[in-house]
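Asks: Sending over final_33.txt (compact mmCIF, C-alpha atoms).
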```txt
# COMPACT_ATOMS: atom_id res chain seq x y z
CA ALA A 1023 82.33 97.11 64.97
CA PRO A 1024 82.74 99.95 67.53
CA ALA A 1025 80.88 102.30 65.16
CA ALA A 1026 77.95 99.87 65.01
CA VAL A 1027 77.78 99.85 68.82
CA VAL A 1028 77.68 103.66 68.95
CA GLU A 1029 74.81 103.87 66.45
CA PRO A 1030 72.43 101.55 68.32
CA ALA A 1031 73.32 103.44 71.52
CA ARG A 1032 72.13 106.66 69.86
CA GLU A 1033 68.91 105.14 68.56
CA PRO A 1034 67.49 104.14 71.97
CA VAL A 1035 68.18 107.66 73.29
CA PRO A 1036 65.77 109.38 70.85
CA VAL A 1037 63.17 106.61 71.26
CA PRO A 1038 62.51 107.24 75.00
CA VAL A 1039 62.36 111.03 74.42
CA PRO A 1040 59.42 110.80 71.97
CA ALA A 1041 57.85 108.17 74.21
CA ALA A 1042 58.22 110.51 77.18
CA ALA A 1043 56.95 113.52 75.24
CA PRO A 1044 53.52 111.99 74.42
CA SER A 1045 53.15 110.79 78.01
CA VAL A 1046 53.79 114.34 79.30
CA PRO A 1047 50.92 115.87 77.27
CA ALA A 1048 48.81 112.83 78.08
CA ALA A 1049 48.97 113.66 81.79
CA PRO A 1050 47.77 117.27 81.36
CA ALA A 1051 45.15 116.08 78.86
CA VAL A 1052 43.75 113.83 81.59
CA GLU A 1053 43.95 116.58 84.23
CA PRO A 1054 41.78 119.13 82.37
CA LYS A 1055 39.13 116.43 81.91
CA ALA A 1056 39.19 115.84 85.65
CA VAL A 1057 38.98 119.60 86.24
CA GLU A 1058 36.22 120.02 83.66
CA ALA A 1059 33.97 117.41 85.28
CA PRO A 1060 33.34 119.41 88.49
CA VAL A 1061 33.02 122.63 86.51
CA SER A 1062 30.44 121.12 84.17
CA VAL A 1063 28.56 119.64 87.14
CA ALA A 1064 28.43 123.09 88.78
CA GLY A 1065 27.80 124.76 85.42
CA PRO A 1066 24.28 123.43 84.77
CA ALA A 1067 23.16 124.32 88.31
CA LYS A 1068 24.30 127.91 87.86
CA ALA A 1069 23.07 128.01 84.28
CA GLY A 1070 19.67 126.81 85.49
CA GLU A 1071 19.51 129.59 88.05
CA LYS A 1072 20.81 132.16 85.57
CA GLU A 1073 18.40 131.07 82.84
CA ARG A 1074 15.46 131.20 85.24
CA TYR A 1075 16.55 134.61 86.51
CA GLN A 1076 16.84 135.97 82.97
CA GLU A 1077 13.46 134.51 82.05
CA ALA A 1078 11.82 136.09 85.11
CA TYR A 1079 13.52 139.42 84.39
CA GLU A 1080 12.33 139.38 80.76
CA THR A 1081 8.81 138.48 81.94
CA LEU A 1082 8.85 141.55 84.20
CA ARG A 1083 10.25 143.77 81.45
CA ASN A 1084 7.47 142.62 79.15
CA GLY A 1085 4.87 143.79 81.66
CA HIS A 1086 3.74 140.42 83.00
CA ASN A 1087 4.14 141.45 86.63
CA ALA A 1088 2.05 138.74 88.30
CA LYS A 1089 3.85 135.99 86.37
CA ALA A 1090 7.24 137.61 87.13
CA ILE A 1091 6.39 137.71 90.84
CA GLN A 1092 5.66 133.97 90.78
CA MET A 1093 8.90 133.31 88.90
CA PHE A 1094 11.06 135.42 91.23
CA GLU A 1095 9.42 133.89 94.32
CA ALA A 1096 10.10 130.38 92.97
CA LEU A 1097 13.67 131.37 92.19
CA GLN A 1098 14.14 132.68 95.74
CA SER A 1099 12.69 129.45 97.11
CA ASP A 1100 14.89 127.21 94.94
CA TYR A 1101 18.10 129.27 95.24
CA PRO A 1102 17.95 131.12 98.60
CA ALA A 1103 21.72 131.66 98.57
CA GLY A 1104 22.19 131.61 94.81
CA GLU A 1105 24.33 133.81 92.65
CA PHE A 1106 21.27 135.86 91.61
CA SER A 1107 19.34 135.78 94.90
CA ASP A 1108 19.98 139.46 95.69
CA SER A 1109 18.95 140.57 92.21
CA SER A 1110 15.92 138.26 92.26
CA GLN A 1111 14.87 139.75 95.58
CA TYR A 1112 15.30 143.29 94.22
CA TRP A 1113 13.24 142.62 91.08
CA LEU A 1114 10.59 140.91 93.17
CA GLY A 1115 10.31 144.20 95.08
CA GLU A 1116 10.16 146.12 91.81
CA ALA A 1117 7.36 143.89 90.51
CA TYR A 1118 5.38 144.44 93.71
CA LYS A 1119 5.99 148.20 93.47
CA ILE A 1120 4.72 148.26 89.88
CA ASN A 1121 1.61 146.40 91.07
CA ARG A 1122 1.20 149.01 93.83
CA GLU A 1123 1.56 146.31 96.47
CA ASN A 1124 3.54 148.68 98.65
CA ASP A 1125 3.74 146.54 101.79
CA LYS A 1126 5.11 143.57 99.84
CA ALA A 1127 7.46 145.86 97.91
CA ARG A 1128 8.72 147.38 101.17
CA ALA A 1129 9.33 143.92 102.62
CA ALA A 1130 11.16 142.76 99.48
CA PHE A 1131 13.41 145.83 99.28
CA ASN A 1132 14.14 145.66 103.02
CA LYS A 1133 15.15 142.04 102.54
CA VAL A 1134 17.70 143.14 99.93
CA VAL A 1135 19.17 145.68 102.37
CA ASN A 1136 19.18 143.34 105.38
CA GLN A 1137 20.02 139.95 103.85
CA TYR A 1138 22.45 141.10 101.15
CA PRO A 1139 24.22 144.11 102.71
CA ASN A 1140 27.16 143.86 100.27
CA SER A 1141 24.99 143.58 97.17
CA SER A 1142 25.22 146.16 94.41
CA LYS A 1143 21.40 146.26 94.60
CA VAL A 1144 21.35 147.83 98.10
CA PRO A 1145 21.54 151.49 96.94
CA ASP A 1146 18.73 150.86 94.44
CA ALA A 1147 16.63 149.07 97.08
CA LEU A 1148 17.07 152.02 99.48
CA LEU A 1149 16.16 154.41 96.68
CA LYS A 1150 12.97 152.46 95.94
CA LEU A 1151 12.12 152.40 99.65
CA GLY A 1152 12.46 156.19 99.59
CA TYR A 1153 10.21 156.42 96.53
CA ILE A 1154 7.56 154.24 98.18
CA GLU A 1155 7.58 156.38 101.32
CA PHE A 1156 7.44 159.54 99.21
CA ASP A 1157 4.45 158.21 97.26
CA GLN A 1158 2.75 157.32 100.56
CA GLN A 1159 3.37 160.87 101.83
CA ASN A 1160 5.68 159.58 104.58
CA LEU A 1161 8.11 162.39 103.86
CA ALA A 1162 10.29 162.00 106.94
CA LYS A 1163 10.87 158.31 106.18
CA ALA A 1164 11.40 159.09 102.50
CA ARG A 1165 13.98 161.74 103.39
CA ASP A 1166 15.79 159.24 105.68
CA TYR A 1167 16.09 156.61 102.94
CA LEU A 1168 17.07 159.08 100.23
CA THR A 1169 19.63 160.80 102.45
CA ARG A 1170 21.09 157.41 103.34
CA VAL A 1171 21.56 156.61 99.65
CA VAL A 1172 23.29 159.94 98.98
CA ALA A 1173 25.53 159.67 102.06
CA SER A 1174 26.40 155.96 101.78
CA TYR A 1175 26.71 155.57 98.01
CA PRO A 1176 28.02 158.89 96.67
CA GLY A 1177 28.58 158.97 92.92
CA SER A 1178 26.17 156.12 92.26
CA THR A 1179 23.20 156.44 89.93
CA ALA A 1180 20.96 155.74 92.92
CA ALA A 1181 22.54 158.64 94.82
CA HIS A 1182 22.00 160.96 91.84
CA LEU A 1183 18.32 159.97 91.62
CA ALA A 1184 17.92 160.27 95.39
CA SER A 1185 19.35 163.81 95.25
CA LYS A 1186 16.86 164.73 92.53
CA LYS A 1187 13.96 163.36 94.60
CA LEU A 1188 15.22 165.15 97.73
CA ALA A 1189 15.30 168.42 95.77
CA GLN A 1190 11.61 167.93 94.86
CA MET A 1191 10.58 167.40 98.47
CA PRO A 1192 9.10 170.24 100.50
CA GLN A 1193 11.54 171.43 103.12
```
Re-express the file's structure as structure tokens.
Replies:
Amino acid sequence: APAAVVEPAREPVPVPVPAAAPSVPAAPAVEPKAVEAPVSVAGPAKAGEKERYQEAYETLRNGHNAKAIQMFEALQSDYPAGEFSDSSQYWLGEAYKINRENDKARAAFNKVVNQYPNSSKVPDALLKLGYIEFDQQNLAKARDYLTRVVASYPGSTAAHLASKKLAQMPQ
């Protein structure tokens, strides 16, 4: 009889352990779903901005400047502080520059420099401002922008291109 009492005592011990084991994974399984919900809610918003940015960029690359300008302007309007707002602003300036709308290009590139001072697009925007001034024969202004790129962003591609343009300028 004592042996029979020991055996049932052992059986209930393993039963709660398996019961506890499924409940432990069940809790984390619920948690990731809760975590995924906010991520997926934020995901489409960012994906929408990203998709629109990529579409506008491809439109510009394919030479449809006027359409790209409309797309980048709409993107800036819809996502003024978005993940791609600095890049959108830069490519808006580039589209204007390609269209030889120098005043609008200047304004767009200056907006990159002033509104997104920590953006990786700032050296490129300054470079393009230098190019615009060079093309307009405003050599002193061009030299200021190009020198700023070289001094502030040494080792960057923009600084290399600015150095090349500075070397072409009459002294």
Asks: Taking 4 positions as the minimum chain separation for residues in the same chain, which residues sit within 7 Å of A:Val1144 when counting all atoms listed in the file? Answer as a list in words.
Replies: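 Counting all atoms listed in the file, the residues come to Val1134, Val1135, Pro1139 and Leu1148 of chain A.
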Asks: So which one's closest to A:Tyr1175, A:Ala1162, A:Met1191, A:Leu1149, A:Leu1114? Using all atoms listed in the file, please.
Replies: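 Of A:Ala1162, A:Met1191, A:Leu1149, A:Leu1114, the one nearest A:Tyr1175 is A:Leu1149, counting all atoms listed in the file.
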Asks: Using all atoms listed in the file, which of A:Glu1071, A:Gln1092, A:Pro1145, A:Asn1087 sits nearest A:Tyr1118?
Replies: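 Going through A:Glu1071, A:Gln1092, A:Pro1145, A:Asn1087 one by one, the smallest distance to A:Tyr1118 is for A:Asn1087.
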Asks: What does the distance from atom CA of A:Asn1160 to atom CA of A:Asn1121 come to in Å, to one decimal?
Replies: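 Computing it gives 19.3 Å between the two atoms.
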Asks: Separation of atom CA of A:Ala1117 and atom CA of A:Gly1070, in Å?
Replies: 21.6 Å
Asks: Go through A:Asn1084, A:Gln1158, A:Ser1110, A:Gln1190 one by one, measure the shortest atom-to-atom distance of each to A:Ala1096 using all atoms listed in the file, and give the residue with the smallest value.
Replies: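 Distance minimum relative to A:Ala1096 lands on A:Ser1110.
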Asks: From the options A:Asp1146, A:Glu1105, A:Asp1166, A:Glu1155, which residue's atoms come nearest to A:Asp1125, counting only C-alpha atoms?
Replies: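 Closest residue, counting only C-alpha atoms: A:Glu1155.
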Asks: Could you state the separation of atom CA of A:Ala1164 and atom CA of A:Ala1129 in Å, given to one decimal place?
Replies: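 These two atoms are separated by 15.3 Å.
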Asks: Neighbouring residues of A:Met1093 were defined as those with any atom within 9 Å, considering all atoms listed in the file; residues of the same chain fewer than 3 positions away were excluded. Please report them as a PyMOL selection string.
Replies: chain A and resi 1074-1075+1077-1079+1081+1088-1090+1096-1098+1114
Asks: For A:Lys1133, find every residue with an atom within 9 Å (counting only C-alpha atoms), except residues of its own chain fewer than 5 positions away, and show them as a PyMOL selection string.
Replies: chain A and resi 1108+1111-1112+1128+1138
Asks: Write to file, as a compact mmCIF listing (two decimals), keeping the file's coordinate frame, the residues of the selection just made, with C-alpha atoms.
Replies:
```
# COMPACT_ATOMS: atom_id res chain seq x y z
CA ASP A 1108 19.98 139.46 95.69
CA GLN A 1111 14.87 139.75 95.58
CA TYR A 1112 15.30 143.29 94.22
CA ARG A 1128 8.72 147.38 101.17
CA TYR A 1138 22.45 141.10 101.15
```
Asks: Could you check which of A:Lys1072, A:Ser1142, A:Ala1184, A:Phe1131 is closest to A:Gly1104, using only C-alpha atoms?
Replies: A:Lys1072
